[in-house]
Amino acid sequence: MSTKAFKTEKIDAIKSKIDKAQVAVVTEYKGLSVEEITDLRRQLQKDGGDYMVTKNTLAKLAVKGTDFEVLSDSFKGPIALAFGFEDQVSPAKVLSKFIKDTKKGVILGAAMDGKLLSAAETEALAKLPSKEELIAKILGSVNSPATGIANSLNAVLSQLTRAMAAVRDQKTA
């Protein structure tokens with residue numbers, strides 16, 4: 001396979017991931033072994049993402065004209081791209097935990113909805129609750145007032161029943 005065909009194939013592979021991605025996180029993989037990168041890739045795939053080590057020039061060509069073009073300036077040094085296909089938070093969470101556990105690698109930034117996020121903003125994104133947790137909190141908030149009303153009505157009816165029972169007992173005595 002010629003070099004040009006190989007590069008075109010790599011660019012197409014990156015573009016196919018970009019087309020499906022909701023978020024892309026740029027990381028520096030310096031110091032990571034092949035086993036560690038494979039482990040990280042598996043963790044991301046389990047959470048609906050992927051991890052791809054790539055050359056900077058190929059990544060710049062692949063993101064051109066997409067929402068992730070804002071990442072182009074981050075493509076310096078040995079980089080890899082983490083993509084999130086199902087959730088915008090999970091790739092940042094997985095990467096942040098992995099870097100904390102292994103003390104290797106660095107998050108350089110991320111892109112989401114055409115906006116560039118700094119490394120600090122990406123870390124803040126990692127600290128957000130997951131989509132499922134947020135949905136559970138919203139449902140709990142929606143359910144809470146209804147539960148309160150039901151409990152209040154139940155208390156009023158219980159008090160009325162006790163009062164009527166007391167009046168009945170008083171009249172029979």
# chains A, B, ... in the order shown; residues from 1 in each chain; ligands from 1
>>> select_by_dssp(residues="chain A", states="alpha helix (DSSP H)", output="ChimeraX atom specification")
/A:3-20,34-46,56-63,90-102,119-126,131-172
>>> write_last_selection(atoms="C-alpha atoms", output="mmCIF file, in the first residue's frame")
data_model
loop_
_atom_site.group_PDB
_atom_site.id
_atom_site.type_symbol
_atom_site.label_atom_id
_atom_site.label_comp_id
_atom_site.auth_asym_id
_atom_site.auth_seq_id
_atom_site.Cartn_x
_atom_site.Cartn_y
_atom_site.Cartn_z
ATOM 1 C CA THR A 3 1.986 6.073 1.642
ATOM 2 C CA LYS A 4 -0.698 8.352 0.190
ATOM 3 C CA ALA A 5 -3.291 5.563 0.245
ATOM 4 C CA PHE A 6 -2.327 4.708 3.827
ATOM 5 C CA LYS A 7 -2.686 8.339 4.932
ATOM 6 C CA THR A 8 -6.028 8.663 3.150
ATOM 7 C CA GLU A 9 -7.236 5.524 4.901
ATOM 8 C CA LYS A 10 -6.167 6.917 8.301
ATOM 9 C CA ILE A 11 -7.862 10.274 7.625
ATOM 10 C CA ASP A 12 -11.067 8.468 6.636
ATOM 11 C CA ALA A 13 -10.919 6.404 9.846
ATOM 12 C CA ILE A 14 -10.633 9.576 11.936
ATOM 13 C CA LYS A 15 -13.423 11.270 9.956
ATOM 14 C CA SER A 16 -15.758 8.305 10.464
ATOM 15 C CA LYS A 17 -15.267 8.581 14.236
ATOM 16 C CA ILE A 18 -15.697 12.366 14.142
ATOM 17 C CA ASP A 19 -18.981 12.049 12.252
ATOM 18 C CA LYS A 20 -20.453 9.931 15.076
ATOM 19 C CA VAL A 34 0.750 -0.334 24.520
ATOM 20 C CA GLU A 35 -1.014 -2.355 27.237
ATOM 21 C CA GLU A 36 -2.101 0.824 29.041
ATOM 22 C CA ILE A 37 -3.396 2.386 25.814
ATOM 23 C CA THR A 38 -5.282 -0.826 25.027
ATOM 24 C CA ASP A 39 -6.762 -0.854 28.547
ATOM 25 C CA LEU A 40 -7.814 2.801 28.192
ATOM 26 C CA ARG A 41 -9.344 2.099 24.782
ATOM 27 C CA ARG A 42 -11.368 -0.801 26.249
ATOM 28 C CA GLN A 43 -12.596 1.355 29.136
ATOM 29 C CA LEU A 44 -13.728 4.039 26.688
ATOM 30 C CA GLN A 45 -15.392 1.504 24.382
ATOM 31 C CA LYS A 46 -17.299 0.077 27.349
ATOM 32 C CA ASN A 56 -0.992 15.585 14.130
ATOM 33 C CA THR A 57 -1.079 16.361 10.415
ATOM 34 C CA LEU A 58 -3.595 13.600 9.732
ATOM 35 C CA ALA A 59 -5.778 14.744 12.627
ATOM 36 C CA LYS A 60 -5.709 18.345 11.353
ATOM 37 C CA LEU A 61 -6.795 17.195 7.903
ATOM 38 C CA ALA A 62 -9.561 14.999 9.340
ATOM 39 C CA VAL A 63 -11.121 17.707 11.562
ATOM 40 C CA SER A 90 -18.032 9.777 29.960
ATOM 41 C CA PRO A 91 -14.817 10.148 27.880
ATOM 42 C CA ALA A 92 -13.600 12.964 30.131
ATOM 43 C CA LYS A 93 -14.526 10.914 33.232
ATOM 44 C CA VAL A 94 -12.704 7.797 32.002
ATOM 45 C CA LEU A 95 -9.609 9.755 30.936
ATOM 46 C CA SER A 96 -9.477 11.750 34.161
ATOM 47 C CA LYS A 97 -9.737 8.589 36.285
ATOM 48 C CA PHE A 98 -7.161 6.772 34.138
ATOM 49 C CA ILE A 99 -4.654 9.654 34.390
ATOM 50 C CA LYS A 100 -5.233 9.914 38.137
ATOM 51 C CA ASP A 101 -4.702 6.159 38.613
ATOM 52 C CA THR A 102 -1.652 5.743 36.349
ATOM 53 C CA ALA A 119 -7.833 21.289 30.007
ATOM 54 C CA ALA A 120 -9.349 22.777 33.196
ATOM 55 C CA GLU A 121 -12.817 22.913 31.614
ATOM 56 C CA THR A 122 -12.428 19.305 30.477
ATOM 57 C CA GLU A 123 -11.535 18.298 34.057
ATOM 58 C CA ALA A 124 -14.658 20.156 35.252
ATOM 59 C CA LEU A 125 -16.667 18.250 32.636
ATOM 60 C CA ALA A 126 -15.288 15.009 34.077
ATOM 61 C CA LYS A 131 -26.503 11.344 32.116
ATOM 62 C CA GLU A 132 -28.274 8.608 34.088
ATOM 63 C CA GLU A 133 -27.562 10.376 37.407
ATOM 64 C CA LEU A 134 -28.919 13.661 36.048
ATOM 65 C CA ILE A 135 -32.085 11.971 34.777
ATOM 66 C CA ALA A 136 -32.590 10.313 38.179
ATOM 67 C CA LYS A 137 -32.186 13.677 39.944
ATOM 68 C CA ILE A 138 -34.668 15.352 37.604
ATOM 69 C CA LEU A 139 -37.199 12.561 38.081
ATOM 70 C CA GLY A 140 -36.714 12.786 41.838
ATOM 71 C CA SER A 141 -37.314 16.541 41.706
ATOM 72 C CA VAL A 142 -40.455 16.094 39.614
ATOM 73 C CA ASN A 143 -41.732 13.301 41.866
ATOM 74 C CA SER A 144 -40.984 15.152 45.128
ATOM 75 C CA PRO A 145 -43.840 17.728 45.003
ATOM 76 C CA ALA A 146 -46.375 15.040 44.059
ATOM 77 C CA THR A 147 -45.235 12.888 46.975
ATOM 78 C CA GLY A 148 -45.499 15.890 49.311
ATOM 79 C CA ILE A 149 -49.061 16.634 48.185
ATOM 80 C CA ALA A 150 -50.080 12.992 48.577
ATOM 81 C CA ASN A 151 -48.595 12.855 52.084
ATOM 82 C CA SER A 152 -50.348 16.113 53.052
ATOM 83 C CA LEU A 153 -53.720 14.872 51.808
ATOM 84 C CA ASN A 154 -53.183 11.567 53.591
ATOM 85 C CA ALA A 155 -52.359 13.390 56.851
ATOM 86 C CA VAL A 156 -55.498 15.543 56.592
ATOM 87 C CA LEU A 157 -57.675 12.492 55.947
ATOM 88 C CA SER A 158 -56.052 10.599 58.844
ATOM 89 C CA GLN A 159 -56.683 13.514 61.211
ATOM 90 C CA LEU A 160 -60.301 13.772 60.028
ATOM 91 C CA THR A 161 -60.804 10.043 60.587
ATOM 92 C CA ARG A 162 -59.301 10.227 64.101
ATOM 93 C CA ALA A 163 -61.460 13.254 64.950
ATOM 94 C CA MET A 164 -64.609 11.484 63.762
ATOM 95 C CA ALA A 165 -63.668 8.387 65.753
ATOM 96 C CA ALA A 166 -63.134 10.517 68.860
ATOM 97 C CA VAL A 167 -66.558 12.179 68.418
ATOM 98 C CA ARG A 168 -68.195 8.756 67.947
ATOM 99 C CA ASP A 169 -66.499 7.393 71.061
ATOM 100 C CA GLN A 170 -67.541 10.466 73.055
ATOM 101 C CA LYS A 171 -71.223 10.128 71.995
ATOM 102 C CA THR A 172 -71.374 6.414 72.776
#
>>> residues_around(residues="Phe85 of chain A", least_positions_apart="4", cutoff="9 Å", atoms="only C-alpha atoms", output="JSON, numbers by chain")
{"A": [17, 18, 20, 21, 22, 23, 47, 48, 49, 50]}
>>> atom_distance(atom1="atom CA of Tyr29 of chain A", atom2="atom CA of Ile107 of chain A")
9.0 Å
>>> closest_residue(among="A:Gly65, A:Gly77, A:Gly84, A:Pro129", to="Leu108 of chain A", atoms="only C-alpha atoms")
A:Gly77
>>> atom_distance(atom1="atom CA of Lys115 of chain A", atom2="atom CA of Val70 of chain A")
6.9 Å
>>> atom_distance(atom1="atom CA of Ser72 of chain A", atom2="atom CA of Gln88 of chain A")
19.5 Å
>>> select_by_dssp(residues="chain A", states="strand (DSSP E)", output="list in words")
Val23, Ala24, Val25, Val26, Thr27, Glu28, Gly49, Asp50, Tyr51, Met52, Val53, Thr54, Ile79, Ala80, Leu81, Ala82, Phe83, Gly84, Val106, Ile107, Leu108, Gly109, Ala110, Ala111, Met112, Lys115, Leu116 and Leu117 of chain A
>>> decode(residues="segment 26-39 of chain A", atoms="N, CA and C atoms", output="tab-separated table (two decimals), in the first residue's frame")
chain	number	residue	atom	x	y	z
A	26	VAL	N	-8.58	15.70	23.43
A	26	VAL	CA	-7.20	15.53	22.98
A	26	VAL	C	-6.34	15.24	24.20
A	27	THR	N	-5.56	14.16	24.12
A	27	THR	CA	-4.67	13.80	25.22
A	27	THR	C	-3.26	13.60	24.70
A	28	GLU	N	-2.33	13.76	25.62
A	28	GLU	CA	-0.94	13.42	25.32
A	28	GLU	C	-0.70	12.04	25.91
A	29	TYR	N	-0.25	11.11	25.11
A	29	TYR	CA	-0.10	9.74	25.58
A	29	TYR	C	1.34	9.39	25.95
A	30	LYS	N	2.19	10.37	26.01
A	30	LYS	CA	3.61	10.17	26.30
A	30	LYS	C	3.78	9.38	27.60
A	31	GLY	N	4.56	8.31	27.55
A	31	GLY	CA	4.84	7.50	28.73
A	31	GLY	C	3.91	6.32	28.91
A	32	LEU	N	2.87	6.22	28.08
A	32	LEU	CA	1.93	5.09	28.19
A	32	LEU	C	2.44	3.91	27.37
A	33	SER	N	2.31	2.72	27.94
A	33	SER	CA	2.69	1.52	27.21
A	33	SER	C	1.52	1.09	26.31
A	34	VAL	N	1.78	0.18	25.42
A	34	VAL	CA	0.75	-0.33	24.52
A	34	VAL	C	-0.37	-0.98	25.33
A	35	GLU	N	-0.01	-1.71	26.40
A	35	GLU	CA	-1.01	-2.35	27.24
A	35	GLU	C	-1.91	-1.31	27.91
A	36	GLU	N	-1.32	-0.23	28.37
A	36	GLU	CA	-2.10	0.82	29.04
A	36	GLU	C	-3.04	1.52	28.04
A	37	ILE	N	-2.55	1.77	26.84
A	37	ILE	CA	-3.40	2.39	25.81
A	37	ILE	C	-4.54	1.44	25.45
A	38	THR	N	-4.24	0.16	25.33
A	38	THR	CA	-5.28	-0.83	25.03
A	38	THR	C	-6.32	-0.89	26.15
A	39	ASP	N	-5.85	-0.85	27.39
A	39	ASP	CA	-6.76	-0.85	28.55
A	39	ASP	C	-7.66	0.39	28.53
